file entry.csv (CSV, N, CA and C atoms)
chain,number,residue,atom,x,y,z
A,264,MET,N,114.4,172.9,187.2
A,264,MET,CA,114.4,171.5,186.7
A,264,MET,C,115.3,170.6,187.6
A,265,ALA,N,114.9,169.4,187.6
A,265,ALA,CA,115.6,168.4,188.5
A,265,ALA,C,116.0,167.2,187.6
A,266,SER,N,116.9,166.4,188.1
A,266,SER,CA,117.3,165.2,187.4
A,266,SER,C,116.4,164.0,187.9
A,267,ARG,N,116.5,163.0,187.1
A,267,ARG,CA,115.7,161.8,187.4
A,267,ARG,C,116.7,160.6,187.4
A,268,PHE,N,116.5,159.6,188.3
A,268,PHE,CA,117.2,158.4,188.4
A,268,PHE,C,116.8,157.5,187.2
A,269,SER,N,117.8,157.3,186.3
A,269,SER,CA,117.4,156.5,185.1
A,269,SER,C,118.0,155.1,185.0
A,270,GLU,N,119.2,155.0,185.6
A,270,GLU,CA,119.9,153.7,185.5
A,270,GLU,C,120.8,153.5,186.7
A,271,LEU,N,121.1,152.2,187.0
A,271,LEU,CA,122.0,151.9,188.1
A,271,LEU,C,123.0,150.9,187.5
A,272,VAL,N,124.3,151.3,187.6
A,272,VAL,CA,125.4,150.4,187.0
A,272,VAL,C,126.0,149.6,188.2
A,273,ILE,N,126.1,148.3,188.0
A,273,ILE,CA,126.5,147.4,189.0
A,273,ILE,C,127.7,146.7,188.4
A,274,GLY,N,128.9,146.8,189.0
A,274,GLY,CA,130.1,146.1,188.6
A,274,GLY,C,129.9,144.7,189.1
A,275,CYS,N,130.3,143.7,188.2
A,275,CYS,CA,130.1,142.3,188.6
A,275,CYS,C,131.0,141.4,187.9
A,276,LEU,N,131.2,140.2,188.4
A,276,LEU,CA,132.1,139.2,187.8
A,276,LEU,C,131.4,138.5,186.6
A,277,ASP,N,130.1,138.3,186.7
A,277,ASP,CA,129.4,137.5,185.7
A,277,ASP,C,128.1,138.3,185.3
A,278,PRO,N,128.2,139.3,184.4
A,278,PRO,CA,127.1,140.1,184.0
A,278,PRO,C,125.9,139.2,183.5
A,279,GLN,N,126.2,138.2,182.7
A,279,GLN,CA,125.1,137.3,182.2
A,279,GLN,C,124.3,136.7,183.3
A,280,ARG,N,125.0,136.1,184.3
A,280,ARG,CA,124.3,135.5,185.4
A,280,ARG,C,123.4,136.5,186.2
A,281,LEU,N,124.0,137.6,186.5
A,281,LEU,CA,123.2,138.6,187.2
A,281,LEU,C,122.1,139.2,186.4
A,282,ALA,N,122.3,139.4,185.1
A,282,ALA,CA,121.2,139.9,184.3
A,282,ALA,C,120.1,138.9,184.2
A,283,GLU,N,120.4,137.6,184.1
A,283,GLU,CA,119.3,136.6,184.1
A,283,GLU,C,118.6,136.6,185.4
A,284,PHE,N,119.3,136.6,186.5
A,284,PHE,CA,118.7,136.6,187.9
A,284,PHE,C,117.8,137.8,188.0
A,285,TRP,N,118.3,139.0,187.8
A,285,TRP,CA,117.5,140.2,188.0
A,285,TRP,C,116.3,140.4,187.0
A,286,CYS,N,116.5,139.9,185.8
A,286,CYS,CA,115.4,139.8,184.9
A,286,CYS,C,114.2,139.0,185.5
A,287,GLU,N,114.6,137.9,186.0
A,287,GLU,CA,113.6,137.0,186.6
A,287,GLU,C,113.0,137.6,187.9
A,288,VAL,N,113.8,138.3,188.7
A,288,VAL,CA,113.3,138.9,189.9
A,288,VAL,C,112.3,140.0,189.5
A,289,LEU,N,112.7,140.9,188.6
A,289,LEU,CA,111.9,142.1,188.3
A,289,LEU,C,111.0,142.0,187.1
A,290,GLY,N,111.0,140.9,186.4
A,290,GLY,CA,110.2,140.8,185.2
A,290,GLY,C,110.7,141.7,184.1
A,291,PHE,N,112.0,142.0,184.1
A,291,PHE,CA,112.7,142.8,183.1
A,291,PHE,C,113.1,142.0,181.9
A,292,VAL,N,113.6,142.6,180.9
A,292,VAL,CA,114.1,142.0,179.7
A,292,VAL,C,115.5,142.6,179.4
A,293,VAL,N,116.3,141.9,178.6
A,293,VAL,CA,117.6,142.5,178.2
A,293,VAL,C,117.3,143.5,177.2
A,294,LEU,N,117.8,144.8,177.4
A,294,LEU,CA,117.6,145.9,176.5
A,294,LEU,C,118.8,146.0,175.5
A,295,GLY,N,120.0,145.6,175.9
A,295,GLY,CA,121.1,145.7,175.1
A,295,GLY,C,122.4,145.3,175.7
A,296,THR,N,123.4,145.1,174.9
A,296,THR,CA,124.7,144.7,175.4
A,296,THR,C,125.8,145.6,174.7
A,297,GLU,N,126.8,145.9,175.5
A,297,GLU,CA,127.9,146.7,174.9
A,297,GLU,C,129.2,146.5,175.7
A,298,ASP,N,130.2,146.0,175.0
A,298,ASP,CA,131.5,145.8,175.7
A,298,ASP,C,131.4,144.9,176.9
A,299,GLY,N,130.6,143.9,176.8
A,299,GLY,CA,130.4,142.9,177.9
A,299,GLY,C,129.4,143.3,178.9
A,300,ALA,N,129.0,144.6,178.9
A,300,ALA,CA,127.9,145.0,179.9
A,300,ALA,C,126.6,144.7,179.3
A,301,ILE,N,125.6,144.4,180.2
A,301,ILE,CA,124.3,144.0,179.8
A,301,ILE,C,123.3,145.0,180.5
A,302,GLU,N,122.4,145.6,179.8
A,302,GLU,CA,121.4,146.5,180.3
A,302,GLU,C,120.1,145.8,180.3
A,303,ILE,N,119.4,145.8,181.5
A,303,ILE,CA,118.1,145.2,181.6
A,303,ILE,C,117.1,146.3,182.0
A,304,GLY,N,115.8,146.1,181.7
A,304,GLY,CA,114.8,147.0,182.1
A,304,GLY,C,113.5,146.6,181.7
A,305,PRO,N,112.4,147.4,181.9
A,305,PRO,CA,111.1,147.0,181.6
A,305,PRO,C,111.0,146.9,180.0
A,306,GLU,N,110.0,146.2,179.6
A,306,GLU,CA,109.8,146.0,178.1
A,306,GLU,C,109.8,147.3,177.3
A,307,GLU,N,109.2,148.3,177.9
A,307,GLU,CA,109.1,149.6,177.2
A,307,GLU,C,110.5,150.3,177.0
A,308,GLY,N,111.5,149.8,177.7
A,308,GLY,CA,112.9,150.3,177.5
A,308,GLY,C,113.3,151.4,178.4
A,309,PHE,N,114.4,152.0,178.1
A,309,PHE,CA,115.0,153.0,178.8
A,309,PHE,C,114.2,154.3,178.8
A,310,GLY,N,114.1,155.0,179.9
A,310,GLY,CA,113.4,156.3,179.9
A,310,GLY,C,112.0,156.2,180.5
A,311,GLY,N,111.6,155.0,180.9
A,311,GLY,CA,110.3,154.9,181.5
A,311,GLY,C,110.3,155.3,183.0
A,312,LEU,N,109.3,154.8,183.7
A,312,LEU,CA,109.2,155.2,185.1
A,312,LEU,C,110.2,154.4,186.0
A,313,GLN,N,110.6,153.2,185.5
A,313,GLN,CA,111.6,152.4,186.3
A,313,GLN,C,113.0,152.6,185.7
A,314,PRO,N,114.0,152.7,186.6
A,314,PRO,CA,115.3,152.8,186.1
A,314,PRO,C,115.8,151.4,185.5
A,315,THR,N,116.7,151.5,184.6
A,315,THR,CA,117.3,150.2,184.1
A,315,THR,C,118.5,149.9,185.0
A,316,LEU,N,118.9,148.6,184.9
A,316,LEU,CA,120.1,148.1,185.6
A,316,LEU,C,121.1,147.7,184.5
A,317,ILE,N,122.4,148.1,184.7
A,317,ILE,CA,123.5,147.8,183.8
A,317,ILE,C,124.5,147.0,184.6
A,318,PHE,N,124.7,145.8,184.1
A,318,PHE,CA,125.7,144.9,184.8
A,318,PHE,C,127.0,145.0,184.0
A,319,SER,N,128.0,145.6,184.6
A,319,SER,CA,129.2,145.9,183.9
A,319,SER,C,130.3,145.0,184.4
A,320,PRO,N,131.0,144.3,183.5
A,320,PRO,CA,132.0,143.4,183.9
A,320,PRO,C,133.2,144.0,184.6
A,321,THR,N,133.7,143.3,185.7
A,321,THR,CA,134.9,143.7,186.4
A,321,THR,C,135.6,142.5,186.8
A,322,THR,N,136.9,142.6,187.0
A,322,THR,CA,137.6,141.4,187.5
A,322,THR,C,138.0,141.6,188.9
A,323,GLU,N,137.7,142.8,189.5
A,323,GLU,CA,138.0,143.0,190.9
A,323,GLU,C,136.9,142.5,191.8
A,324,PRO,N,137.3,141.7,192.8
A,324,PRO,CA,136.3,141.1,193.7
A,324,PRO,C,135.8,142.2,194.6
A,325,ARG,N,134.5,142.1,195.0
A,325,ARG,CA,133.9,143.0,195.9
A,325,ARG,C,134.6,142.8,197.3
A,326,THR,N,134.8,143.9,197.9
A,326,THR,CA,135.4,143.9,199.3
A,326,THR,C,134.5,144.7,200.2
A,327,GLY,N,134.1,144.2,201.3
A,327,GLY,CA,133.3,144.9,202.3
A,327,GLY,C,131.8,145.0,201.9
A,328,LYS,N,131.1,145.6,202.8
A,328,LYS,CA,129.7,145.8,202.6
A,328,LYS,C,129.4,146.9,201.6
A,329,LEU,N,128.4,146.6,200.7
A,329,LEU,CA,128.0,147.6,199.7
A,329,LEU,C,127.3,148.8,200.5
A,330,ARG,N,127.5,150.0,200.0
A,330,ARG,CA,126.9,151.1,200.6
A,330,ARG,C,125.6,151.4,200.0
A,331,LEU,N,125.1,150.6,199.0
A,331,LEU,CA,123.9,150.8,198.3
A,331,LEU,C,123.3,149.5,198.1
A,332,HIS,N,122.0,149.3,198.3
A,332,HIS,CA,121.3,148.1,198.0
A,332,HIS,C,119.9,148.4,197.4
A,333,ILE,N,119.4,147.4,196.8
A,333,ILE,CA,118.1,147.5,196.1
A,333,ILE,C,117.0,146.9,197.1
A,334,ASP,N,115.9,147.6,197.2
A,334,ASP,CA,114.7,147.1,197.9
A,334,ASP,C,113.7,146.8,196.8
A,335,ILE,N,113.0,145.6,197.0
A,335,ILE,CA,112.0,145.2,196.1
A,335,ILE,C,110.7,144.9,196.8
A,336,ASN,N,109.6,145.0,196.1
A,336,ASN,CA,108.3,144.8,196.7
A,336,ASN,C,107.5,143.8,195.8
A,337,PRO,N,106.8,142.8,196.4
A,337,PRO,CA,106.0,142.0,195.5
A,337,PRO,C,104.9,142.7,194.8
A,338,THR,N,104.5,142.3,193.6
A,338,THR,CA,103.5,142.9,192.9
A,338,THR,C,102.2,142.1,192.7
A,339,ASP,N,102.4,140.8,192.7
A,339,ASP,CA,101.3,139.9,192.4
A,339,ASP,C,101.1,138.7,193.4
A,340,ARG,N,101.8,138.8,194.5
A,340,ARG,CA,101.7,137.8,195.5
A,340,ARG,C,102.1,138.3,196.8
A,341,ASP,N,101.9,137.6,197.9
A,341,ASP,CA,102.3,138.1,199.2
A,341,ASP,C,103.8,137.9,199.4
A,342,GLN,N,104.3,138.5,200.5
A,342,GLN,CA,105.7,138.5,200.8
A,342,GLN,C,106.3,137.1,200.9
A,343,ASP,N,105.5,136.2,201.6
A,343,ASP,CA,106.0,134.8,201.8
A,343,ASP,C,106.1,134.1,200.5
A,344,ALA,N,105.1,134.2,199.6
A,344,ALA,CA,105.2,133.6,198.3
A,344,ALA,C,106.3,134.1,197.5
A,345,GLU,N,106.5,135.4,197.5
A,345,GLU,CA,107.6,136.0,196.8
A,345,GLU,C,109.0,135.6,197.3
A,346,LEU,N,109.1,135.5,198.6
A,346,LEU,CA,110.4,135.0,199.2
A,346,LEU,C,110.7,133.6,198.7
A,347,GLU,N,109.7,132.7,198.7
A,347,GLU,CA,109.8,131.3,198.2
A,347,GLU,C,110.3,131.3,196.7
A,348,ARG,N,109.7,132.2,195.9
A,348,ARG,CA,110.1,132.3,194.5
A,348,ARG,C,111.5,132.8,194.3
A,349,LEU,N,111.9,133.8,195.1
A,349,LEU,CA,113.2,134.3,195.0
A,349,LEU,C,114.3,133.3,195.4
A,350,LEU,N,114.0,132.5,196.5
A,350,LEU,CA,114.9,131.5,196.9
A,350,LEU,C,115.1,130.4,195.8
A,351,LYS,N,114.0,130.1,195.1
A,351,LYS,CA,114.1,129.1,194.1
A,351,LYS,C,114.9,129.5,192.9
A,352,ILE,N,114.9,130.8,192.6
A,352,ILE,CA,115.7,131.3,191.4
A,352,ILE,C,117.1,131.7,191.8
A,353,GLY,N,117.5,131.5,193.0
A,353,GLY,CA,119.0,131.7,193.3
A,353,GLY,C,119.3,132.7,194.4
A,354,ALA,N,118.3,133.4,195.0
A,354,ALA,CA,118.6,134.3,196.1
A,354,ALA,C,118.9,133.4,197.3
A,355,ARG,N,119.7,134.0,198.2
A,355,ARG,CA,120.1,133.3,199.5
A,355,ARG,C,119.8,134.3,200.6
A,356,PRO,N,119.4,133.7,201.8
A,356,PRO,CA,119.2,134.6,202.9
A,356,PRO,C,120.5,135.2,203.4
A,357,ALA,N,120.4,136.4,203.9
A,357,ALA,CA,121.6,137.0,204.5
A,357,ALA,C,121.4,137.4,205.9
A,358,ASP,N,122.4,137.2,206.8
A,358,ASP,CA,122.3,137.6,208.2
A,358,ASP,C,123.2,138.8,208.4
A,359,ILE,N,122.5,139.9,208.6
A,359,ILE,CA,123.3,141.2,208.9
A,359,ILE,C,122.9,141.7,210.3
A,360,GLY,N,122.5,140.8,211.1
A,360,GLY,CA,122.2,141.1,212.5
A,360,GLY,C,120.7,141.4,212.7
A,361,GLN,N,119.8,140.9,211.9
A,361,GLN,CA,118.4,141.1,212.0
A,361,GLN,C,117.9,140.5,213.4
A,362,THR,N,116.8,141.0,213.9
A,362,THR,CA,116.3,140.5,215.1
A,362,THR,C,115.2,139.4,214.9
A,363,GLY,N,114.7,139.4,213.6
A,363,GLY,CA,113.6,138.5,213.3
A,363,GLY,C,112.3,139.2,213.4
A,364,GLU,N,112.3,140.4,213.9
A,364,GLU,CA,111.0,141.2,214.0
A,364,GLU,C,110.8,142.2,212.8
A,365,GLU,N,111.8,142.2,211.9
A,365,GLU,CA,111.7,143.1,210.8
A,365,GLU,C,110.6,142.7,209.9
A,366,GLN,N,110.1,143.7,209.1
A,366,GLN,CA,109.0,143.4,208.1
A,366,GLN,C,109.6,143.2,206.8
A,367,TRP,N,110.9,142.9,206.7
A,367,TRP,CA,111.6,142.7,205.4
A,367,TRP,C,112.5,141.5,205.5
A,368,HIS,N,112.9,141.0,204.4
A,368,HIS,CA,113.9,139.9,204.4
A,368,HIS,C,115.2,140.4,203.7
A,369,VAL,N,116.3,140.2,204.2
A,369,VAL,CA,117.6,140.5,203.6
A,369,VAL,C,118.1,139.3,202.8
A,370,LEU,N,118.3,139.5,201.6
A,370,LEU,CA,118.8,138.4,200.7
A,370,LEU,C,120.0,138.8,199.9
A,371,LEU,N,120.6,137.8,199.3
A,371,LEU,CA,121.8,138.0,198.5
A,371,LEU,C,121.5,137.5,197.1
A,372,ASP,N,122.0,138.3,196.1
A,372,ASP,CA,121.9,137.8,194.7
A,372,ASP,C,123.0,136.8,194.5
A,373,PRO,N,123.1,136.3,193.3
A,373,PRO,CA,124.2,135.2,193.0
A,373,PRO,C,125.6,135.7,193.2
A,374,GLU,N,125.9,137.0,193.2
A,374,GLU,CA,127.2,137.5,193.5
A,374,GLU,C,127.4,138.0,194.9
A,375,GLY,N,126.4,137.8,195.7
A,375,GLY,CA,126.5,138.2,197.1
A,375,GLY,C,126.1,139.6,197.4
A,376,ASN,N,125.5,140.3,196.5
A,376,ASN,CA,125.0,141.7,196.7
A,376,ASN,C,123.7,141.6,197.5
A,377,GLU,N,123.6,142.4,198.6
A,377,GLU,CA,122.4,142.4,199.4
A,377,GLU,C,121.3,143.2,198.7
A,378,PHE,N,120.1,142.6,198.9
A,378,PHE,CA,118.9,143.4,198.6
A,378,PHE,C,117.8,142.9,199.6
A,379,CYS,N,116.8,143.8,199.7
A,379,CYS,CA,115.7,143.5,200.7
A,379,CYS,C,114.4,143.3,200.0
A,380,LEU,N,113.7,142.3,200.4
A,380,LEU,CA,112.3,142.0,200.0
A,380,LEU,C,111.4,142.7,201.1
A,381,LEU,N,110.7,143.7,200.7
A,381,LEU,CA,109.8,144.4,201.6
A,381,LEU,C,108.4,143.7,201.6
A,382,ARG,N,107.6,144.1,202.6
A,382,ARG,CA,106.3,143.5,202.8
A,382,ARG,C,105.3,144.1,201.9
A,383,ARG,N,105.3,145.4,201.7
A,383,ARG,CA,104.3,146.1,201.0
A,383,ARG,C,104.1,145.5,199.6
A,384,ARG,N,102.9,145.4,199.1
A,384,ARG,CA,102.6,144.9,197.8
A,384,ARG,C,102.3,146.0,196.9
A,385,LEU,N,103.0,146.1,195.8
A,385,LEU,CA,102.7,147.2,194.8
A,385,LEU,C,102.0,146.6,193.6
A,386,SER,N,101.3,147.5,192.9
A,386,SER,CA,100.6,147.0,191.7
A,386,SER,C,101.2,147.6,190.5
call {"tool": "encode", "arguments": {"input": "entry.csv", "output": "structure tokens"}}
result
Amino acid sequence: MASRFSELVIGCLDPQRLAEFWCEVLGFVVLGTEDGAIEIGPEEGFGGLQPTLIFSPTTEPRTGKLRLHIDINPTDRDQDAELERLLKIGARPADIGQTGEEQWHVLLDPEGNEFCLLRRRLS
């Protein structure tokens, strides 16, 4: 028997803002709140094929580069259209030394967490 990745907990200063942003990015909904933490995921809820995200409040500022980041893929549009949409909802470009030849875009969420928009389109 093996384990399965079911949720990712992200410490943050403003759980509400990040939950709203990532719900918009991923098409997720708020599944619940507890002690200031907000869990988001697909409409079918916890335990499905996609892991849920839990935004847990912290007062400690992030220091240094994260050792983990999220990669996302467009599902209903091409990469350029998805990049435009993400920038409109609050993502910002990040420069981590890319050459410009990469097939992905490095972005920051509203709290400065890096994530990548990949080229491949998933359904």
call {"tool": "residues_around", "arguments": {"input": "entry.csv", "residues": "segment 266-275 of chain A", "least_positions_apart": "6", "cutoff": "7 Å", "atoms": "only C-alpha atoms", "output": "PyMOL selection string"}}
result
chain A and resi 310+314-321
call {"tool": "atom_distance", "arguments": {"input": "entry.csv", "atom1": "atom CA of Phe284 of chain A", "atom2": "atom CA of Ile352 of chain A"}}
result
7.0 Å
call {"tool": "atom_distance", "arguments": {"input": "entry.csv", "atom1": "atom C of Asp334 of chain A", "atom2": "atom C of Asp298 of chain A"}}
result
26.7 Å
call {"tool": "select_by_dssp", "arguments": {"input": "entry.csv", "residues": "segment 287-359 of chain A", "states": "strand (DSSP E or B)", "output": "list of chain:residue names"}}
result
A:Val292, A:Val293, A:Leu294, A:Gly295, A:Thr296, A:Glu297, A:Ala300, A:Ile301, A:Glu302, A:Ile303, A:Gly304, A:Thr315, A:Leu316, A:Ile317, A:Phe318, A:Ser319, A:Pro320, A:Ile333, A:Asp334, A:Ile335, A:Arg355, A:Pro356
call {"tool": "atom_distance", "arguments": {"input": "entry.csv", "atom1": "atom CA of Thr338 of chain A", "atom2": "atom C of Arg383 of chain A"}}
result
7.2 Å
call {"tool": "select_by_dssp", "arguments": {"input": "entry.csv", "residues": "chain A", "states": "alpha helix (DSSP H)", "output": "list in words"}}
result
Pro278, Gln279, Arg280, Leu281, Ala282, Glu283, Phe284, Trp285, Cys286, Glu287, Val288, Leu289, Gln342, Asp343, Ala344, Glu345, Leu346, Glu347, Arg348, Leu349, Leu350 and Lys351 of chain A
call {"tool": "residues_near_point", "arguments": {"input": "entry.csv", "point": "(109.9, 140.8, 203.9)", "cutoff": "8 Å", "atoms": "only C-alpha atoms", "output": "list in words"}}
result
Gln342, Asp343, Leu346, Glu365, Gln366, Trp367, His368, Val369, Cys379, Leu380, Leu381 and Arg382 of chain A
call {"tool": "write_last_selection", "arguments": {"input": "entry.csv", "atoms": "N, CA and C atoms", "output": "mmCIF file, keeping the file's coordinate frame"}}
result
data_model
loop_
_atom_site.group_PDB
_atom_site.id
_atom_site.type_symbol
_atom_site.label_atom_id
_atom_site.label_comp_id
_atom_site.auth_asym_id
_atom_site.auth_seq_id
_atom_site.Cartn_x
_atom_site.Cartn_y
_atom_site.Cartn_z
ATOM 1 N N GLN A 342 104.300 138.500 200.500
ATOM 2 C CA GLN A 342 105.700 138.500 200.800
ATOM 3 C C GLN A 342 106.300 137.100 200.900
ATOM 4 N N ASP A 343 105.500 136.200 201.600
ATOM 5 C CA ASP A 343 106.000 134.800 201.800
ATOM 6 C C ASP A 343 106.100 134.100 200.500
ATOM 7 N N LEU A 346 109.100 135.500 198.600
ATOM 8 C CA LEU A 346 110.400 135.000 199.200
ATOM 9 C C LEU A 346 110.700 133.600 198.700
ATOM 10 N N GLU A 365 111.800 142.200 211.900
ATOM 11 C CA GLU A 365 111.700 143.100 210.800
ATOM 12 C C GLU A 365 110.600 142.700 209.900
ATOM 13 N N GLN A 366 110.100 143.700 209.100
ATOM 14 C CA GLN A 366 109.000 143.400 208.100
ATOM 15 C C GLN A 366 109.600 143.200 206.800
ATOM 16 N N TRP A 367 110.900 142.900 206.700
ATOM 17 C CA TRP A 367 111.600 142.700 205.400
ATOM 18 C C TRP A 367 112.500 141.500 205.500
ATOM 19 N N HIS A 368 112.900 141.000 204.400
ATOM 20 C CA HIS A 368 113.900 139.900 204.400
ATOM 21 C C HIS A 368 115.200 140.400 203.700
ATOM 22 N N VAL A 369 116.300 140.200 204.200
ATOM 23 C CA VAL A 369 117.600 140.500 203.600
ATOM 24 C C VAL A 369 118.100 139.300 202.800
ATOM 25 N N CYS A 379 116.800 143.800 199.700
ATOM 26 C CA CYS A 379 115.700 143.500 200.700
ATOM 27 C C CYS A 379 114.400 143.300 200.000
ATOM 28 N N LEU A 380 113.700 142.300 200.400
ATOM 29 C CA LEU A 380 112.300 142.000 200.000
ATOM 30 C C LEU A 380 111.400 142.700 201.100
ATOM 31 N N LEU A 381 110.700 143.700 200.700
ATOM 32 C CA LEU A 381 109.800 144.400 201.600
ATOM 33 C C LEU A 381 108.400 143.700 201.600
ATOM 34 N N ARG A 382 107.600 144.100 202.600
ATOM 35 C CA ARG A 382 106.300 143.500 202.800
ATOM 36 C C ARG A 382 105.300 144.100 201.900
#
call {"tool": "residues_around", "arguments": {"input": "entry.csv", "residues": "Phe378 of chain A", "least_positions_apart": "6", "cutoff": "12 Å", "atoms": "only C-alpha atoms", "output": "PDB file with N, CA and C atoms, keeping the file's coordinate frame"}}
result
ATOM      1  N   TRP A 285     118.300 139.000 187.800  1.00  0.00           N
ATOM      2  CA  TRP A 285     117.500 140.200 188.000  1.00  0.00           C
ATOM      3  C   TRP A 285     116.300 140.400 187.000  1.00  0.00           C
ATOM      4  N   VAL A 288     113.800 138.300 188.700  1.00  0.00           N
ATOM      5  CA  VAL A 288     113.300 138.900 189.900  1.00  0.00           C
ATOM      6  C   VAL A 288     112.300 140.000 189.500  1.00  0.00           C
ATOM      7  N   LYS A 328     131.100 145.600 202.800  1.00  0.00           N
ATOM      8  CA  LYS A 328     129.700 145.800 202.600  1.00  0.00           C
ATOM      9  C   LYS A 328     129.400 146.900 201.600  1.00  0.00           C
ATOM     10  N   LEU A 329     128.400 146.600 200.700  1.00  0.00           N
ATOM     11  CA  LEU A 329     128.000 147.600 199.700  1.00  0.00           C
ATOM     12  C   LEU A 329     127.300 148.800 200.500  1.00  0.00           C
ATOM     13  N   ARG A 330     127.500 150.000 200.000  1.00  0.00           N
ATOM     14  CA  ARG A 330     126.900 151.100 200.600  1.00  0.00           C
ATOM     15  C   ARG A 330     125.600 151.400 200.000  1.00  0.00           C
ATOM     16  N   LEU A 331     125.100 150.600 199.000  1.00  0.00           N
ATOM     17  CA  LEU A 331     123.900 150.800 198.300  1.00  0.00           C
ATOM     18  C   LEU A 331     123.300 149.500 198.100  1.00  0.00           C
ATOM     19  N   HIS A 332     122.000 149.300 198.300  1.00  0.00           N
ATOM     20  CA  HIS A 332     121.300 148.100 198.000  1.00  0.00           C
ATOM     21  C   HIS A 332     119.900 148.400 197.400  1.00  0.00           C
ATOM     22  N   ILE A 333     119.400 147.400 196.800  1.00  0.00           N
ATOM     23  CA  ILE A 333     118.100 147.500 196.100  1.00  0.00           C
ATOM     24  C   ILE A 333     117.000 146.900 197.100  1.00  0.00           C
ATOM     25  N   ASP A 334     115.900 147.600 197.200  1.00  0.00           N
ATOM     26  CA  ASP A 334     114.700 147.100 197.900  1.00  0.00           C
ATOM     27  C   ASP A 334     113.700 146.800 196.800  1.00  0.00           C
ATOM     28  N   ILE A 335     113.000 145.600 197.000  1.00  0.00           N
ATOM     29  CA  ILE A 335     112.000 145.200 196.100  1.00  0.00           C
ATOM     30  C   ILE A 335     110.700 144.900 196.800  1.00  0.00           C
ATOM     31  N   ASN A 336     109.600 145.000 196.100  1.00  0.00           N
ATOM     32  CA  ASN A 336     108.300 144.800 196.700  1.00  0.00           C
ATOM     33  C   ASN A 336     107.500 143.800 195.800  1.00  0.00           C
ATOM     34  N   LEU A 346     109.100 135.500 198.600  1.00  0.00           N
ATOM     35  CA  LEU A 346     110.400 135.000 199.200  1.00  0.00           C
ATOM     36  C   LEU A 346     110.700 133.600 198.700  1.00  0.00           C
ATOM     37  N   LEU A 349     111.900 133.800 195.100  1.00  0.00           N
ATOM     38  CA  LEU A 349     113.200 134.300 195.000  1.00  0.00           C
ATOM     39  C   LEU A 349     114.300 133.300 195.400  1.00  0.00           C
ATOM     40  N   ALA A 354     118.300 133.400 195.000  1.00  0.00           N
ATOM     41  CA  ALA A 354     118.600 134.300 196.100  1.00  0.00           C
ATOM     42  C   ALA A 354     118.900 133.400 197.300  1.00  0.00           C
ATOM     43  N   ARG A 355     119.700 134.000 198.200  1.00  0.00           N
ATOM     44  CA  ARG A 355     120.100 133.300 199.500  1.00  0.00           C
ATOM     45  C   ARG A 355     119.800 134.300 200.600  1.00  0.00           C
ATOM     46  N   PRO A 356     119.400 133.700 201.800  1.00  0.00           N
ATOM     47  CA  PRO A 356     119.200 134.600 202.900  1.00  0.00           C
ATOM     48  C   PRO A 356     120.500 135.200 203.400  1.00  0.00           C
ATOM     49  N   ALA A 357     120.400 136.400 203.900  1.00  0.00           N
ATOM     50  CA  ALA A 357     121.600 137.000 204.500  1.00  0.00           C
ATOM     51  C   ALA A 357     121.400 137.400 205.900  1.00  0.00           C
ATOM     52  N   ASP A 358     122.400 137.200 206.800  1.00  0.00           N
ATOM     53  CA  ASP A 358     122.300 137.600 208.200  1.00  0.00           C
ATOM     54  C   ASP A 358     123.200 138.800 208.400  1.00  0.00           C
ATOM     55  N   ILE A 359     122.500 139.900 208.600  1.00  0.00           N
ATOM     56  CA  ILE A 359     123.300 141.200 208.900  1.00  0.00           C
ATOM     57  C   ILE A 359     122.900 141.700 210.300  1.00  0.00           C
ATOM     58  N   TRP A 367     110.900 142.900 206.700  1.00  0.00           N
ATOM     59  CA  TRP A 367     111.600 142.700 205.400  1.00  0.00           C
ATOM     60  C   TRP A 367     112.500 141.500 205.500  1.00  0.00           C
ATOM     61  N   HIS A 368     112.900 141.000 204.400  1.00  0.00           N
ATOM     62  CA  HIS A 368     113.900 139.900 204.400  1.00  0.00           C
ATOM     63  C   HIS A 368     115.200 140.400 203.700  1.00  0.00           C
ATOM     64  N   VAL A 369     116.300 140.200 204.200  1.00  0.00           N
ATOM     65  CA  VAL A 369     117.600 140.500 203.600  1.00  0.00           C
ATOM     66  C   VAL A 369     118.100 139.300 202.800  1.00  0.00           C
ATOM     67  N   LEU A 370     118.300 139.500 201.600  1.00  0.00           N
ATOM     68  CA  LEU A 370     118.800 138.400 200.700  1.00  0.00           C
ATOM     69  C   LEU A 370     120.000 138.800 199.900  1.00  0.00           C
ATOM     70  N   LEU A 371     120.600 137.800 199.300  1.00  0.00           N
ATOM     71  CA  LEU A 371     121.800 138.000 198.500  1.00  0.00           C
ATOM     72  C   LEU A 371     121.500 137.500 197.100  1.00  0.00           C
ATOM     73  N   ASP A 372     122.000 138.300 196.100  1.00  0.00           N
ATOM     74  CA  ASP A 372     121.900 137.800 194.700  1.00  0.00           C
ATOM     75  C   ASP A 372     123.000 136.800 194.500  1.00  0.00           C
TER      76      ASP A 372
END
